[in-house]
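Please read the structure below before turning to the comments.
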Amino acid sequence: MCGIAGLFGYNDDRAISAMVDLLGKRGPDDRGVYRHGIACLGHTRLSIIDPSPLGHQPMSNAEGTVWIVYNGEMYNFLTERAELEALGHRFVSKTDTEVILALYERYGDTFVERMRGMFAFAIYDRRPGEGRERLLLARDHFGIKPLYHAHSNGCFAFASDPRAFTAAGVVAPELDPEAVRQFLMRGAVYQPRTILKDVFALEPGHRLVVTRDGIDKTSFWRPEPARLPLLATKTRSELGQLLEAELSRVVEQQLIADVPLGAFLSGGLDSSLLVALMARRGAGPVRTFSVGFGIEGTELDETEDALLVANYLGTQHERLEVNSSLFADELPAFVAGLGQPTVDGFNSYMVSKAAARHVKVAISGTGADEIFAGYPWFSSMREFSSRRGAHFSNRVHEFERQFRRAGWPTRSVARFFPEGFVSRYASEYRHFSPPQVADLLGLKAASAALSDEDDLAAVDYLTDANVLDRTSAICLAGYTGNQLLRDIDSTSMAHSLEVRVPYLDPGIVDFALSLPPEARLGAPDPSAAAGSYRGTGTKQILADIADRLLPPEVTRRSKRGFSMPIDVWLKGPLRPLMESTIRHLSPAVTRIVDQTAASSVLDRFMRNQCHWGQPWMLMVLELWARDLVATKTSVSVERAVA
């Protein structure tokens, strides 16, 4: 994994050096800068495949006319490399980076559709000649790897971290009010917006081309239902066998590395199943890692579950215990490592810290809940849709389509159908309610609620699909893409660790969205424990596979979603920091957030009148903003090269 940055339309050594310096943790093994004419590219390298100097970036073709900076892994690069070699291409290194360059030269911008993996890259092509140079950016199907861009004074800039733009002086360290509203309401800022004003994320599954004539952005992929229609003809047993084979193939593909590799193991179904498939390869004990707590969080500790699975599979397991003292010690580094503020992420930060002591790559079970209906809101949305009736839902869908064709925001539909699908989904996962956000930001409550509708309407693109597929799409493009994947990337990169997510392979997602609904969310088993996978009927097809590969307790014991005793810590050892932070917000934050309203949130928390997530979010926002201002450099991009 790596960090990438660059400028197009402006060539400045101080600016690109500042960007590369900020990305140092993402790639401590090597760094490089390429400058030419109107462009400069920067790279920091975490060496995973071919760690030799031949993998140095920025990397060019043989003629030195096409250059790339690349962050990620292309899991099918060996297959593509073999095809290119059969066509006469010769390679110097063993990297996937060189394969990507060759694919671009042969197939042009469409080559990205051949890629399978997690990636964000920029290719600078000066073959068209002076004044006609072009820059191609692309980001993987689900946004596993980050890619941000900004445009100022004729200069287009890109980077793996939004703070790189303030380091380079491309933008001012100013928070975006609408992004702050999204963060407070949903726990994360929704793409393409970022927490910084005038900085934007390239959306997942998109490519962007920059020339002197302008910017052109297109989508090359997004999830769709029933791409594999033959699955509808299979029995439940056949579906389980097919999915197990497909998961095995993907896991095998994602284990390619020239450095030590391990896995996060919570003891739950998703991570345990991946570790079982890894262990089945028989290439020695798998290294696994989990996070637990002391007496402060005994009831939240899942590490006994993880140890049961580890012993069953024969892994080399390590448990990191987190207490309030370690939490307080790590909090500044945690916040400093975040590309953007988040309501979550500390658990990923700590398990990454544990893993990074022994490996450079870790496998994560992220993505299974989203595509196999594991979250509680899948059941809620199915019940809601059933209760409203198909006739009502179809009428709402038709109105939504008409409003969108007319160019009107979907929130307009909410005025006529306040109990529509998006409105109901929005209420399933909020941190601050619309009235609370309105109080904090000085808005009208109705305005906050309608904005909440727009956040989710933008990612509700499977309106004609069944309720599980539609919910999966919203979840993948909303919660998963904007919070979970962003948290995993930034917190693992803070420890120079690469994390891979096999469930978010496009083939696995296509498989999941082609399944009969009951294979994902089936009938509950009354003989199983309440709250277990079998007892709730969630992720049935994964449970079928797990029953063959894992101890029976995995699918039949009560599930425990991962959480931490932050409530106890904030009211105990961290209370002084929390109070001093929230009661003394900096000017960067008080330009948007009302100080009196923020202090009121703190008071309610101390009276047990709100969830710990509310003061935590305000504290993280403030600490992140202070760190942003503290790391701003004096570099300024003032003009573009003529």
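Identifiers in the structure tokens: chain A, B, ... in order shown; residue index from 1 per chain; ligand index from 1 in order shown.
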Extract the full set of alpha helix (DSSP H) residues from region 177-221 of chain A according to DSSP on the backbone, and format it as a list in words. Pro177, Glu178, Ala179, Val180, Arg181, Gln182, Phe183, Leu184, Met185 and Arg186 of chain A
Among region 42-152 of chain A, which residues does DSSP mark as strand (DSSP E or B) when it is run on the backbone? Keep the chain and numbering as in the structure and answer as a PyMOL selection string. chain A and resi 42-45+59-60+66-74+117-125+134-139+148-152
One decimal place gives the CA of Trp624 (chain A)-CA of Gln340 (chain A) separation as 7.7 Å
Using only C-alpha atoms, which protein or nucleic acid residues come within 8 Å of region 536-544 of chain A? Drop anything in the same chain fewer than 3 positions from it, and give the result as JSON, numbers by chain. {"A": [236, 239, 240, 269, 270, 369, 372, 373, 374, 518, 519, 520, 521, 522, 523, 524, 525, 530, 531, 532, 533, 547, 548, 555]}
Quick one: write out the picked residues with C-alpha atoms as a CSV table (one decimal), in the first residue's frame?
```csv
chain,number,residue,atom,x,y,z
A,236,ARG,CA,-29.6,-24.0,-1.4
A,239,LEU,CA,-25.5,-22.2,-3.9
A,240,GLY,CA,-23.4,-22.8,-0.8
A,269,LEU,CA,-18.7,-15.4,11.2
A,270,ASP,CA,-17.2,-13.2,8.5
A,369,ASP,CA,-22.7,-7.7,6.4
A,372,PHE,CA,-25.3,-10.9,2.8
A,373,ALA,CA,-27.9,-8.9,4.9
A,374,GLY,CA,-26.1,-9.0,8.2
A,518,GLU,CA,-34.0,-16.2,1.5
A,519,ALA,CA,-30.4,-17.3,1.0
A,520,ARG,CA,-29.3,-14.1,2.6
A,521,LEU,CA,-32.0,-13.4,5.1
A,522,GLY,CA,-33.9,-16.7,5.8
A,523,ALA,CA,-36.3,-18.0,8.3
A,524,PRO,CA,-35.1,-17.9,12.0
A,525,ASP,CA,-34.3,-21.3,13.7
A,530,ALA,CA,-31.6,-15.6,20.3
A,531,GLY,CA,-29.5,-13.1,18.4
A,532,SER,CA,-27.4,-15.8,16.7
A,533,TYR,CA,-27.0,-16.2,12.9
A,547,ASP,CA,-21.1,-25.1,9.6
A,548,ARG,CA,-18.8,-27.2,7.4
A,555,THR,CA,-23.4,-19.7,13.9
```
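Contact shell of Leu550 (chain A) at 10 Å (only C-alpha atoms; same-chain neighbours under 5 positions omitted): Leu269, Ser272, Leu273, Val275, Ala276, Leu308, Val309, Tyr312, Leu313, Ala543, Ile545 and Thr555 of chain A.
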Selection above as a file: all heavy atoms, as a PDB file, in the first residue's frame:
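Done, and the output landed in result.pdb:
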```pdb
ATOM      1  N   LEU A 269     -18.622 -14.608  12.365  1.00  0.00           N
ATOM      2  CA  LEU A 269     -18.745 -15.447  11.177  1.00  0.00           C
ATOM      3  C   LEU A 269     -17.839 -14.989  10.041  1.00  0.00           C
ATOM      4  O   LEU A 269     -17.135 -15.801   9.420  1.00  0.00           O
ATOM      5  CB  LEU A 269     -20.210 -15.456  10.728  1.00  0.00           C
ATOM      6  CG  LEU A 269     -20.553 -16.153   9.407  1.00  0.00           C
ATOM      7  CD1 LEU A 269     -20.142 -17.616   9.454  1.00  0.00           C
ATOM      8  CD2 LEU A 269     -22.037 -16.032   9.121  1.00  0.00           C
ATOM      9  N   SER A 272     -13.923 -15.253  10.664  1.00  0.00           N
ATOM     10  CA  SER A 272     -13.591 -16.658  10.932  1.00  0.00           C
ATOM     11  C   SER A 272     -13.633 -17.488   9.649  1.00  0.00           C
ATOM     12  O   SER A 272     -12.784 -18.364   9.429  1.00  0.00           O
ATOM     13  CB  SER A 272     -14.565 -17.241  11.957  1.00  0.00           C
ATOM     14  OG  SER A 272     -14.477 -16.560  13.197  1.00  0.00           O
ATOM     15  N   LEU A 273     -14.601 -17.215   8.805  1.00  0.00           N
ATOM     16  CA  LEU A 273     -14.726 -17.965   7.562  1.00  0.00           C
ATOM     17  C   LEU A 273     -13.532 -17.707   6.647  1.00  0.00           C
ATOM     18  O   LEU A 273     -12.987 -18.638   6.028  1.00  0.00           O
ATOM     19  CB  LEU A 273     -16.033 -17.585   6.864  1.00  0.00           C
ATOM     20  CG  LEU A 273     -16.459 -18.430   5.663  1.00  0.00           C
ATOM     21  CD1 LEU A 273     -16.484 -19.907   6.012  1.00  0.00           C
ATOM     22  CD2 LEU A 273     -17.825 -17.969   5.170  1.00  0.00           C
ATOM     23  N   VAL A 275     -10.507 -16.819   7.612  1.00  0.00           N
ATOM     24  CA  VAL A 275      -9.338 -17.470   8.210  1.00  0.00           C
ATOM     25  C   VAL A 275      -9.382 -18.972   7.957  1.00  0.00           C
ATOM     26  O   VAL A 275      -8.350 -19.599   7.698  1.00  0.00           O
ATOM     27  CB  VAL A 275      -9.260 -17.153   9.716  1.00  0.00           C
ATOM     28  CG1 VAL A 275      -8.152 -17.978  10.378  1.00  0.00           C
ATOM     29  CG2 VAL A 275      -8.994 -15.668   9.933  1.00  0.00           C
ATOM     30  N   ALA A 276     -10.578 -19.567   8.002  1.00  0.00           N
ATOM     31  CA  ALA A 276     -10.708 -20.995   7.705  1.00  0.00           C
ATOM     32  C   ALA A 276     -10.253 -21.302   6.282  1.00  0.00           C
ATOM     33  O   ALA A 276      -9.567 -22.309   6.033  1.00  0.00           O
ATOM     34  CB  ALA A 276     -12.155 -21.436   7.909  1.00  0.00           C
ATOM     35  N   LEU A 308     -11.421 -19.326  20.501  1.00  0.00           N
ATOM     36  CA  LEU A 308     -12.050 -20.600  20.163  1.00  0.00           C
ATOM     37  C   LEU A 308     -11.798 -20.950  18.701  1.00  0.00           C
ATOM     38  O   LEU A 308     -11.406 -22.079  18.366  1.00  0.00           O
ATOM     39  CB  LEU A 308     -13.549 -20.523  20.439  1.00  0.00           C
ATOM     40  CG  LEU A 308     -14.390 -21.703  19.926  1.00  0.00           C
ATOM     41  CD1 LEU A 308     -14.138 -22.942  20.773  1.00  0.00           C
ATOM     42  CD2 LEU A 308     -15.875 -21.353  19.929  1.00  0.00           C
ATOM     43  N   VAL A 309     -12.011 -19.983  17.815  1.00  0.00           N
ATOM     44  CA  VAL A 309     -11.804 -20.216  16.384  1.00  0.00           C
ATOM     45  C   VAL A 309     -10.326 -20.424  16.081  1.00  0.00           C
ATOM     46  O   VAL A 309      -9.951 -21.307  15.295  1.00  0.00           O
ATOM     47  CB  VAL A 309     -12.378 -19.048  15.561  1.00  0.00           C
ATOM     48  CG1 VAL A 309     -12.044 -19.210  14.081  1.00  0.00           C
ATOM     49  CG2 VAL A 309     -13.881 -18.948  15.753  1.00  0.00           C
ATOM     50  N   TYR A 312      -9.308 -23.883  17.048  1.00  0.00           N
ATOM     51  CA  TYR A 312      -9.926 -24.858  16.153  1.00  0.00           C
ATOM     52  C   TYR A 312      -9.175 -24.931  14.827  1.00  0.00           C
ATOM     53  O   TYR A 312      -8.990 -26.019  14.261  1.00  0.00           O
ATOM     54  CB  TYR A 312     -11.388 -24.470  15.932  1.00  0.00           C
ATOM     55  CG  TYR A 312     -12.184 -25.450  15.105  1.00  0.00           C
ATOM     56  CD1 TYR A 312     -12.778 -26.568  15.703  1.00  0.00           C
ATOM     57  CD2 TYR A 312     -12.366 -25.259  13.740  1.00  0.00           C
ATOM     58  CE1 TYR A 312     -13.525 -27.472  14.945  1.00  0.00           C
ATOM     59  CE2 TYR A 312     -13.105 -26.157  12.979  1.00  0.00           C
ATOM     60  CZ  TYR A 312     -13.679 -27.255  13.590  1.00  0.00           C
ATOM     61  OH  TYR A 312     -14.412 -28.142  12.836  1.00  0.00           O
ATOM     62  N   LEU A 313      -8.746 -23.765  14.328  1.00  0.00           N
ATOM     63  CA  LEU A 313      -8.086 -23.704  13.023  1.00  0.00           C
ATOM     64  C   LEU A 313      -6.566 -23.789  13.130  1.00  0.00           C
ATOM     65  O   LEU A 313      -5.875 -23.856  12.105  1.00  0.00           O
ATOM     66  CB  LEU A 313      -8.478 -22.410  12.299  1.00  0.00           C
ATOM     67  CG  LEU A 313      -9.960 -22.265  11.948  1.00  0.00           C
ATOM     68  CD1 LEU A 313     -10.226 -20.888  11.347  1.00  0.00           C
ATOM     69  CD2 LEU A 313     -10.411 -23.362  10.982  1.00  0.00           C
ATOM     70  N   ALA A 543     -23.558 -18.906   6.785  1.00  0.00           N
ATOM     71  CA  ALA A 543     -23.688 -19.830   7.908  1.00  0.00           C
ATOM     72  C   ALA A 543     -23.642 -21.274   7.429  1.00  0.00           C
ATOM     73  O   ALA A 543     -23.086 -22.151   8.109  1.00  0.00           O
ATOM     74  CB  ALA A 543     -24.983 -19.549   8.661  1.00  0.00           C
ATOM     75  N   ILE A 545     -21.930 -22.421   4.918  1.00  0.00           N
ATOM     76  CA  ILE A 545     -20.512 -22.737   4.668  1.00  0.00           C
ATOM     77  C   ILE A 545     -19.770 -22.892   5.990  1.00  0.00           C
ATOM     78  O   ILE A 545     -18.959 -23.808   6.167  1.00  0.00           O
ATOM     79  CB  ILE A 545     -19.863 -21.642   3.808  1.00  0.00           C
ATOM     80  CG1 ILE A 545     -20.585 -21.516   2.467  1.00  0.00           C
ATOM     81  CG2 ILE A 545     -18.386 -21.933   3.585  1.00  0.00           C
ATOM     82  CD1 ILE A 545     -20.137 -20.315   1.635  1.00  0.00           C
ATOM     83  N   THR A 555     -22.126 -20.133  14.495  1.00  0.00           N
ATOM     84  CA  THR A 555     -23.412 -19.737  13.908  1.00  0.00           C
ATOM     85  C   THR A 555     -24.574 -19.832  14.887  1.00  0.00           C
ATOM     86  O   THR A 555     -25.652 -19.309  14.602  1.00  0.00           O
ATOM     87  CB  THR A 555     -23.737 -20.611  12.676  1.00  0.00           C
ATOM     88  OG1 THR A 555     -23.839 -21.980  13.083  1.00  0.00           O
ATOM     89  CG2 THR A 555     -22.674 -20.452  11.608  1.00  0.00           C
TER      90      THR A 555
END
```
Using only C-alpha atoms, which protein or nucleic acid residues come within 7 Å of region 480-488 of chain A? Drop anything in the same chain fewer than 4 positions from it, and give the result as a list in words.
Phe142, Gly143, Ile144, Ala188, Val189, Tyr190, Gln191, Gly345, Ser348, Cys475, Leu476 and Ser492 of chain A
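Every protein or nucleic acid residue with an atom no more than 6 Å from region 20-30 of chain A, counting only C-alpha atoms and leaving out same-chain residues fewer than 3 positions away, appears here: Cys2, Gly3, Ser17, Gly42, Thr44, Arg45, Leu46, Met493, Ala494 and Ser496 of chain A.
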Take the residues just selected and output them with N, CA, C and O atoms as a PDB file, in the first residue's frame.
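The resulting out_35.pdb:
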```
ATOM      1  N   CYS A   2       0.356   2.329  -0.490  1.00  0.00           N
ATOM      2  CA  CYS A   2       1.206   3.480  -0.728  1.00  0.00           C
ATOM      3  C   CYS A   2       0.428   4.774  -0.556  1.00  0.00           C
ATOM      4  O   CYS A   2      -0.762   4.777  -0.257  1.00  0.00           O
ATOM      5  N   GLY A   3       1.125   5.880  -0.757  1.00  0.00           N
ATOM      6  CA  GLY A   3       0.499   7.183  -0.829  1.00  0.00           C
ATOM      7  C   GLY A   3       0.854   7.822  -2.153  1.00  0.00           C
ATOM      8  O   GLY A   3       1.995   7.704  -2.626  1.00  0.00           O
ATOM      9  N   SER A  17       6.721  18.186  -2.510  1.00  0.00           N
ATOM     10  CA  SER A  17       7.469  17.634  -1.379  1.00  0.00           C
ATOM     11  C   SER A  17       6.643  17.684  -0.100  1.00  0.00           C
ATOM     12  O   SER A  17       6.673  16.744   0.709  1.00  0.00           O
ATOM     13  N   GLY A  42       4.122  12.485  -7.045  1.00  0.00           N
ATOM     14  CA  GLY A  42       4.828  12.063  -5.840  1.00  0.00           C
ATOM     15  C   GLY A  42       4.313  10.725  -5.348  1.00  0.00           C
ATOM     16  O   GLY A  42       3.139  10.388  -5.528  1.00  0.00           O
ATOM     17  N   THR A  44       4.858   7.589  -2.049  1.00  0.00           N
ATOM     18  CA  THR A  44       5.499   6.948  -0.907  1.00  0.00           C
ATOM     19  C   THR A  44       5.118   5.476  -0.946  1.00  0.00           C
ATOM     20  O   THR A  44       3.956   5.135  -1.125  1.00  0.00           O
ATOM     21  N   ARG A  45       6.093   4.603  -0.769  1.00  0.00           N
ATOM     22  CA  ARG A  45       5.878   3.181  -1.060  1.00  0.00           C
ATOM     23  C   ARG A  45       5.892   2.315   0.184  1.00  0.00           C
ATOM     24  O   ARG A  45       6.794   2.409   1.020  1.00  0.00           O
ATOM     25  N   LEU A  46       4.862   1.477   0.308  1.00  0.00           N
ATOM     26  CA  LEU A  46       4.851   0.350   1.230  1.00  0.00           C
ATOM     27  C   LEU A  46       5.043  -0.883   0.355  1.00  0.00           C
ATOM     28  O   LEU A  46       4.132  -1.296  -0.366  1.00  0.00           O
ATOM     29  N   MET A 493      -3.120   2.469   7.653  1.00  0.00           N
ATOM     30  CA  MET A 493      -1.992   3.199   7.090  1.00  0.00           C
ATOM     31  C   MET A 493      -1.224   3.985   8.153  1.00  0.00           C
ATOM     32  O   MET A 493      -0.037   4.254   7.984  1.00  0.00           O
ATOM     33  N   ALA A 494      -1.896   4.321   9.252  1.00  0.00           N
ATOM     34  CA  ALA A 494      -1.188   4.979  10.355  1.00  0.00           C
ATOM     35  C   ALA A 494      -0.110   4.068  10.926  1.00  0.00           C
ATOM     36  O   ALA A 494       0.849   4.534  11.554  1.00  0.00           O
ATOM     37  N   SER A 496       1.332   1.733   8.792  1.00  0.00           N
ATOM     38  CA  SER A 496       1.983   1.211   7.582  1.00  0.00           C
ATOM     39  C   SER A 496       1.606  -0.247   7.346  1.00  0.00           C
ATOM     40  O   SER A 496       2.451  -1.099   7.033  1.00  0.00           O
TER      41      SER A 496
END
```
Quick one: everything within 10 Å of region 327-332 of chain A, counting only C-alpha atoms, minus sequence neighbours fewer than 2 positions away in the same chain. Send it as a ChimeraX atom specification.
/A:322-325,334-337,346,349-350,566,569-570,573-574,577,620,623-624,627
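Residue nearest Lys353 (chain A), chosen from A:Asp452, A:Glu113, A:Glu428, A:Glu498 and counting only C-alpha atoms: A:Glu498.
Considering only C-alpha atoms, the residue among A:Leu277, A:Leu515, A:Ala445, A:Glu73 positioned nearest to Phe432 (chain A) is A:Ala445.
Atom to atom, CA of Leu242 (chain A) and CA of Pro552 (chain A) stand 21.2 Å apart.
The smallest atom-to-atom distance between Leu135 (chain A) and any of A:Leu504, A:Ala120, A:Leu78, A:Leu208, using only C-alpha atoms, is found for A:Leu208.
Coordinates place CA of Ala232 (chain A) at a distance of 27.6 Å from CA of Asn76 (chain A).
Shortest atom-to-atom contact with Asp567 (chain A) among A:Ala82, A:Cys610, A:Ala257, A:Leu101: A:Cys610, counting only C-alpha atoms.
Distances here use only C-alpha atoms; by that measure, the residue among A:Tyr104, A:Tyr10, A:Phe511, A:Tyr503 closest to Glu80 (chain A) is A:Tyr104.
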